[in-house]
$ cat input_6.txt   # compact mmCIF, C-alpha atoms and all ligand atoms
# COMPACT_ATOMS: atom_id res chain seq x y z
CA MET A 1 46.23 -36.16 338.60
CA LYS A 2 43.33 -37.97 336.97
CA VAL A 3 43.48 -41.77 337.21
CA ILE A 4 41.71 -44.16 334.85
CA VAL A 5 41.84 -47.88 335.67
CA LYS A 6 41.08 -50.30 332.83
CA ASP A 7 40.54 -54.06 333.01
CA ASP A 8 43.50 -55.02 330.87
CA TYR A 9 46.32 -53.85 328.61
CA GLU A 10 44.13 -53.75 325.52
CA LYS A 11 41.54 -51.51 327.14
CA MET A 12 44.25 -49.27 328.58
CA SER A 13 45.76 -48.92 325.10
CA LYS A 14 42.39 -48.15 323.51
CA GLU A 15 41.62 -45.50 326.12
CA ALA A 16 44.93 -43.75 325.40
CA ALA A 17 44.43 -43.99 321.62
CA ASN A 18 40.91 -42.55 321.97
CA MET A 19 42.22 -39.59 323.93
CA ILE A 20 44.82 -38.91 321.24
CA LYS A 21 42.25 -39.28 318.49
CA GLU A 22 40.04 -36.68 320.17
CA GLU A 23 42.99 -34.32 320.49
CA ILE A 24 43.94 -34.77 316.81
CA ASN A 25 40.35 -34.14 315.78
CA LYS A 26 40.35 -30.93 317.84
CA LYS A 27 43.75 -29.82 316.49
CA PRO A 28 44.89 -31.61 313.30
CA ASN A 29 48.34 -29.96 313.46
CA ILE A 30 48.90 -31.14 317.02
CA VAL A 31 52.41 -31.63 318.45
CA LEU A 32 52.63 -35.03 320.15
CA GLY A 33 55.36 -36.17 322.52
CA LEU A 34 55.93 -39.89 322.04
CA ALA A 35 57.44 -42.71 324.08
CA THR A 36 58.98 -46.03 323.11
CA GLY A 37 59.24 -49.20 325.22
CA SER A 38 56.67 -51.95 325.47
CA THR A 39 53.89 -50.00 327.23
CA PRO A 40 52.66 -47.80 324.33
CA VAL A 41 52.85 -50.52 321.64
CA GLY A 42 49.14 -51.38 322.02
CA MET A 43 48.23 -47.70 321.79
CA TYR A 44 50.21 -47.34 318.56
CA LYS A 45 48.49 -50.45 317.22
CA GLU A 46 45.09 -48.94 317.95
CA LEU A 47 46.07 -45.59 316.38
CA ILE A 48 47.14 -47.47 313.24
CA ARG A 49 43.77 -49.24 313.19
CA MET A 50 42.00 -45.88 313.59
CA HIS A 51 44.03 -44.51 310.67
CA LYS A 52 43.29 -47.49 308.42
CA GLU A 53 39.65 -48.07 309.32
CA GLU A 54 38.40 -44.67 310.43
CA GLY A 55 40.64 -42.35 308.43
CA LEU A 56 42.39 -40.79 311.43
CA ASP A 57 44.68 -38.29 309.72
CA PHE A 58 48.29 -37.82 310.83
CA SER A 59 49.33 -35.73 307.82
CA LYS A 60 49.59 -32.49 309.80
CA VAL A 61 50.82 -34.04 313.07
CA THR A 62 54.29 -33.27 314.44
CA THR A 63 55.98 -35.63 316.91
CA PHE A 64 58.90 -35.41 319.31
CA ASN A 65 60.22 -38.56 320.95
CA LEU A 66 61.37 -38.56 324.53
CA ASP A 67 64.71 -40.22 324.10
CA GLU A 68 67.28 -42.17 322.12
CA TYR A 69 70.33 -44.26 323.00
CA VAL A 70 73.72 -42.63 322.52
CA GLY A 71 75.88 -44.41 319.97
CA LEU A 72 73.21 -46.37 318.10
CA ASP A 73 72.77 -45.59 314.44
CA GLU A 74 69.17 -44.81 313.47
CA ASN A 75 69.04 -48.02 311.41
CA HIS A 76 70.12 -50.16 314.38
CA PRO A 77 67.17 -52.44 315.21
CA ASN A 78 67.36 -51.40 318.88
CA SER A 79 67.43 -47.67 318.20
CA TYR A 80 64.29 -45.76 319.02
CA HIS A 81 64.36 -44.34 315.48
CA TYR A 82 63.98 -47.87 314.17
CA PHE A 83 61.35 -48.74 316.77
CA MET A 84 59.16 -45.75 315.94
CA LYS A 85 59.24 -46.44 312.21
CA ASP A 86 58.62 -50.12 312.69
CA ILE A 87 55.86 -49.84 315.29
CA PHE A 88 54.10 -46.68 314.20
CA PHE A 89 55.37 -44.19 311.60
CA ASN A 90 55.55 -46.66 308.69
CA HIS A 91 51.89 -47.53 309.15
CA VAL A 92 50.21 -44.12 309.22
CA ASN A 93 50.21 -41.10 306.90
CA ILE A 94 52.60 -39.04 309.00
CA ASN A 95 55.06 -36.77 307.17
CA MET A 96 58.46 -38.11 308.29
CA ASP A 97 59.84 -34.55 308.05
CA ASN A 98 57.59 -33.72 311.00
CA THR A 99 58.89 -36.52 313.23
CA PHE A 100 61.75 -35.73 315.58
CA ILE A 101 63.82 -38.09 317.71
CA PRO A 102 67.07 -37.14 319.44
CA ASN A 103 70.10 -38.13 317.39
CA GLY A 104 72.28 -40.46 319.47
CA LYS A 105 75.06 -40.15 316.92
CA ALA A 106 75.18 -36.32 316.88
CA GLU A 107 78.74 -35.02 316.76
CA ASP A 108 78.15 -32.45 319.47
CA LEU A 109 75.64 -34.13 321.76
CA GLU A 110 75.33 -31.23 324.20
CA ARG A 111 74.57 -28.79 321.42
CA HIS A 112 72.12 -31.22 319.85
CA CYS A 113 70.21 -31.46 323.16
CA LYS A 114 69.85 -27.68 323.38
CA GLU A 115 68.71 -27.52 319.77
CA TYR A 116 66.12 -30.23 320.42
CA ASP A 117 64.48 -28.16 323.15
CA LYS A 118 64.60 -25.06 320.95
CA LEU A 119 62.96 -26.94 318.11
CA ILE A 120 60.13 -28.09 320.39
CA GLU A 121 59.52 -24.47 321.32
CA LYS A 122 59.72 -23.34 317.71
CA LYS A 123 57.01 -25.85 316.79
CA GLY A 124 54.75 -24.35 319.45
CA GLY A 125 55.48 -26.75 322.32
CA ILE A 126 54.13 -30.22 322.98
CA ASP A 127 50.34 -30.40 323.17
CA VAL A 128 50.05 -33.97 324.44
CA GLN A 129 52.94 -35.97 325.89
CA ILE A 130 52.70 -39.75 326.18
CA LEU A 131 54.82 -41.30 328.94
CA GLY A 132 55.63 -44.75 330.21
CA ILE A 133 57.23 -45.22 333.61
CA GLY A 134 60.19 -47.28 334.73
CA GLU A 135 59.92 -49.62 337.72
CA ASN A 136 62.29 -47.22 339.49
CA GLY A 137 60.06 -44.24 338.72
CA HIS A 138 61.98 -42.88 335.77
CA ILE A 139 60.16 -40.95 333.06
CA ALA A 140 61.94 -40.73 329.73
CA PHE A 141 65.47 -41.54 330.95
CA ASN A 142 65.35 -39.21 333.93
CA GLU A 143 66.64 -41.68 336.50
CA PRO A 144 66.25 -41.36 340.28
CA ASP A 145 69.10 -39.21 341.57
CA LYS A 146 69.89 -36.30 343.87
CA GLU A 147 69.16 -33.89 341.04
CA LEU A 148 67.26 -34.02 337.76
CA ASN A 149 67.87 -32.33 334.42
CA VAL A 150 65.56 -29.52 333.40
CA GLY A 151 66.26 -29.60 329.66
CA THR A 152 67.07 -32.34 327.18
CA SER A 153 70.43 -33.83 328.21
CA VAL A 154 72.85 -36.70 327.85
CA VAL A 155 72.24 -39.08 330.75
CA ASN A 156 73.86 -42.20 332.20
CA LEU A 157 71.46 -45.12 332.44
CA THR A 158 71.24 -46.88 335.80
CA GLN A 159 72.10 -50.54 336.15
CA SER A 160 68.42 -51.36 336.77
CA THR A 161 67.37 -49.65 333.53
CA ILE A 162 70.18 -51.33 331.59
CA GLU A 163 69.02 -54.67 332.99
CA ALA A 164 65.35 -53.94 332.21
CA ASN A 165 66.23 -52.92 328.63
CA SER A 166 68.57 -55.87 328.05
CA ARG A 167 65.50 -57.93 327.11
CA PHE A 168 65.55 -56.19 323.74
CA PHE A 169 69.27 -56.87 323.08
CA ASP A 170 71.21 -60.11 322.43
CA SER A 171 73.27 -59.57 325.56
CA ILE A 172 73.41 -57.03 328.38
CA ASP A 173 76.87 -55.89 327.19
CA GLU A 174 75.25 -54.51 324.05
CA VAL A 175 72.87 -52.19 325.93
CA PRO A 176 74.13 -48.61 325.60
CA THR A 177 75.00 -46.98 328.92
CA LYS A 178 74.07 -43.45 327.87
CA ALA A 179 71.03 -41.87 326.28
CA ILE A 180 69.71 -38.49 325.23
CA SER A 181 66.58 -37.75 327.18
CA MET A 182 64.11 -34.90 327.39
CA GLY A 183 64.52 -33.28 330.78
CA ILE A 184 61.85 -33.04 333.44
CA GLY A 185 61.37 -29.38 332.49
CA THR A 186 60.88 -30.29 328.83
CA ILE A 187 58.23 -32.84 329.82
CA MET A 188 56.53 -30.50 332.30
CA LYS A 189 56.11 -27.86 329.58
CA ALA A 190 53.74 -30.18 327.69
CA LYS A 191 50.20 -28.85 327.90
CA LYS A 192 48.72 -32.26 328.61
CA ILE A 193 50.41 -35.46 329.82
CA ILE A 194 49.16 -39.05 329.57
CA LEU A 195 51.13 -41.63 331.55
CA LEU A 196 50.53 -45.30 330.85
CA ALA A 197 51.45 -48.30 332.99
CA ASN A 198 50.46 -51.93 332.84
CA GLY A 199 51.33 -55.18 334.54
CA LYS A 200 52.24 -56.25 338.05
CA ARG A 201 55.85 -55.12 337.78
CA LYS A 202 54.67 -51.49 337.65
CA SER A 203 52.30 -51.75 340.63
CA GLU A 204 54.81 -50.69 343.31
CA VAL A 205 55.84 -47.55 341.48
CA ILE A 206 52.24 -46.70 340.55
CA LYS A 207 51.24 -47.06 344.20
CA LYS A 208 54.00 -44.63 345.22
CA LEU A 209 53.08 -42.16 342.48
CA LEU A 210 49.36 -42.21 343.15
CA LYS A 211 49.87 -41.77 346.88
CA GLY A 212 50.63 -38.29 345.64
CA ASP A 213 51.82 -36.73 348.87
CA LYS A 214 55.48 -36.06 348.14
CA ILE A 215 57.69 -35.07 345.26
CA THR A 216 61.25 -36.29 345.21
CA THR A 217 64.02 -36.48 342.63
CA TYR A 218 64.36 -40.10 343.73
CA LEU A 219 60.96 -40.74 342.12
CA PRO A 220 61.24 -38.62 338.97
CA ALA A 221 57.61 -39.32 338.00
CA SER A 222 56.51 -37.60 341.22
CA MET A 223 57.38 -34.27 339.54
CA LEU A 224 54.22 -34.81 337.50
CA LEU A 225 52.24 -34.11 340.66
CA LEU A 226 53.07 -30.44 340.00
CA HIS A 227 51.49 -30.48 336.52
CA SER A 228 47.88 -29.37 336.15
CA ASP A 229 46.79 -31.77 333.39
CA VAL A 230 48.06 -35.32 333.89
CA THR A 231 46.00 -38.43 333.19
CA VAL A 232 47.36 -41.75 334.42
CA ILE A 233 45.87 -44.73 332.59
CA VAL A 234 46.67 -48.09 334.16
CA ASP A 235 45.44 -51.63 333.91
CA LYS A 236 44.15 -53.48 336.98
CA GLU A 237 47.43 -55.30 337.49
CA ALA A 238 49.43 -52.09 337.68
CA TYR A 239 46.79 -50.57 339.93
CA ASN A 240 46.25 -53.45 342.34
CA GLY A 241 49.48 -55.41 342.07
C1 LIG B 301 60.76 -44.75 326.53
C2 LIG B 301 60.98 -44.16 327.84
C3 LIG B 301 61.04 -44.96 329.09
C4 LIG B 301 59.94 -46.03 329.18
C5 LIG B 301 60.06 -46.80 330.49
C6 LIG B 301 59.05 -47.94 330.55
O1 LIG B 301 60.76 -43.76 325.51
O2 LIG B 301 61.16 -42.98 327.89
O3 LIG B 301 60.94 -44.10 330.19
O4 LIG B 301 58.70 -45.42 329.08
O5 LIG B 301 61.33 -47.32 330.63
O6 LIG B 301 59.40 -48.90 329.61
P1 LIG B 301 58.41 -50.10 329.24
O7 LIG B 301 57.22 -49.48 328.61
O8 LIG B 301 59.19 -50.95 328.26
O9 LIG B 301 58.09 -50.79 330.52
$ encode --input "input_6.txt" --output "structure tokens" --more "lines below"
Ligand code: F6R
Amino acid sequence: MKVIVKDDYEKMSKEAANMIKEEINKKPNIVLGLATGSTPVGMYKELIRMHKEEGLDFSKVTTFNLDEYVGLDENHPNSYHYFMKDIFFNHVNINMDNTFIPNGKAEDLERHCKEYDKLIEKKGGIDVQILGIGENGHIAFNEPDKELNVGTSVVNLTQSTIEANSRFFDSIDEVPTKAISMGIGTIMKAKKIILLANGKRKSEVIKKLLKGDKITTYLPASMLLLHSDVTVIVDKEAYNG
């Protein structure tokens, strides 16, 4: 696990965007795995700037998002579909037909999950996967538990994740309790993984992860210790607490 510590959120975001830019330049038809949440917003902002000012070309890029809430329509302002369009897709020259996000309104959710994994494989697998991390160590919505899902699955969100995500909703009662999430196996199949974390509230979990001596399903991010190409980019606050 390679660790890069940057002074602040902006520098962390720029580092991540630079890595992605290099990868796109190497392989214009790259398959990117994308995350939502507040952590990658600065990275998306920088990628948009690179597109507008430096001509970074997304026209051949394919993307797969990690997760989506079950039950939210894609036009719901709190859906991850909406988030991705608003924060990123609408501002670059990506072909929307090449962007994939689990459908939280699919009629047969189980079947949809299996098809999502198959589609990732059909597109050649994820070249670079961007991840955030929950304070409880979740990656995507793989929550700490006695077992973890291998493939994309429907998952129950923990109370702590519901509480953390309630900041985006009018009230906690509106936060969905289920999501579709890539499984740990889906994530681990990515050729390269970049995990981002910023701010004091992530310092405990980053400390545990970077200790790097044990893997446990109770710290889902610890599974990444088994992957051969993971870069963790953190700001000083997440690194030092
Ligand atoms: C989002 C996702 C989540 C977030 C995590 C951190 O697609 O999969 O695992 O990365 O909850 O969220 P933020 O960045 O809001 O602290």
$ residues_near_ligand --input "input_6.txt" --ligand "ligand LIG 301 (chain B)" --cutoff "7 Å" --atoms "all atoms listed in the file" --output "PyMOL selection string"
chain A and resi 35-40+65-67+131-134+138-141
$ closest_atom_pairs --input "input_6.txt" --of "segment 133-210 of chain A" --to "segment 6-26 of chain A" --cutoff "10 Å" --atoms "only C-alpha atoms" --output "CSV"
residue,atom,partner,partner_atom,distance
A:Ile194,CA,A:Ala16,CA,7.6
A:Leu195,CA,A:Ala16,CA,9.0
A:Leu196,CA,A:Met12,CA,7.8
A:Ala197,CA,A:Met12,CA,8.5
A:Asn198,CA,A:Tyr9,CA,6.2
A:Gly199,CA,A:Tyr9,CA,7.9
$ closest_residue --input "input_6.txt" --among "A:Pro144, A:Thr186, A:Phe168, A:Glu53" --to "Lys118 of chain A" --atoms "only C-alpha atoms"
A:Thr186
$ residues_around --input "input_6.txt" --residues "Gly212 of chain A" --least-positions-apart "2" --cutoff "12 Å" --atoms "all atoms listed in the file" --output "list of chain:residue names"
A:Met1, A:Lys2, A:Val3, A:Val205, A:Ile206, A:Lys207, A:Lys208, A:Leu209, A:Leu210, A:Lys214, A:Ile215, A:Thr216, A:Leu219, A:Ala221, A:Ser222, A:Met223, A:Leu224, A:Leu225, A:Leu226
$ residues_around --input "input_6.txt" --residues "segment 158-166 of chain A" --least-positions-apart "5" --cutoff "10 Å" --atoms "all atoms listed in the file" --output "JSON, numbers by chain"
{"A": [37, 78, 134, 135, 136, 138, 141, 142, 143, 144, 145, 171, 172, 173, 174, 175, 176, 177, 178]}
$ residues_around --input "input_6.txt" --residues "Met84 of chain A" --least-positions-apart "3" --cutoff "12 Å" --atoms "all atoms listed in the file" --output "PyMOL selection string"
chain A and resi 34-38+40-41+44-45+63-68+74-81+87-92+94+96+99-101
$ closest_residue --input "input_6.txt" --among "A:Lys146, A:His51, A:Lys123, A:Lys191" --to "Thr231 of chain A" --atoms "all atoms listed in the file"
A:Lys191
$ closest_residue --input "input_6.txt" --among "A:Asp127, A:Glu107, A:Glu121, A:Glu237" --to "Val61 of chain A" --atoms "all atoms listed in the file"
A:Asp127
$ atom_distance --input "input_6.txt" --atom1 "atom CA of Ile184 of chain A" --atom2 "atom CA of Asn149 of chain A"
6.1 Å
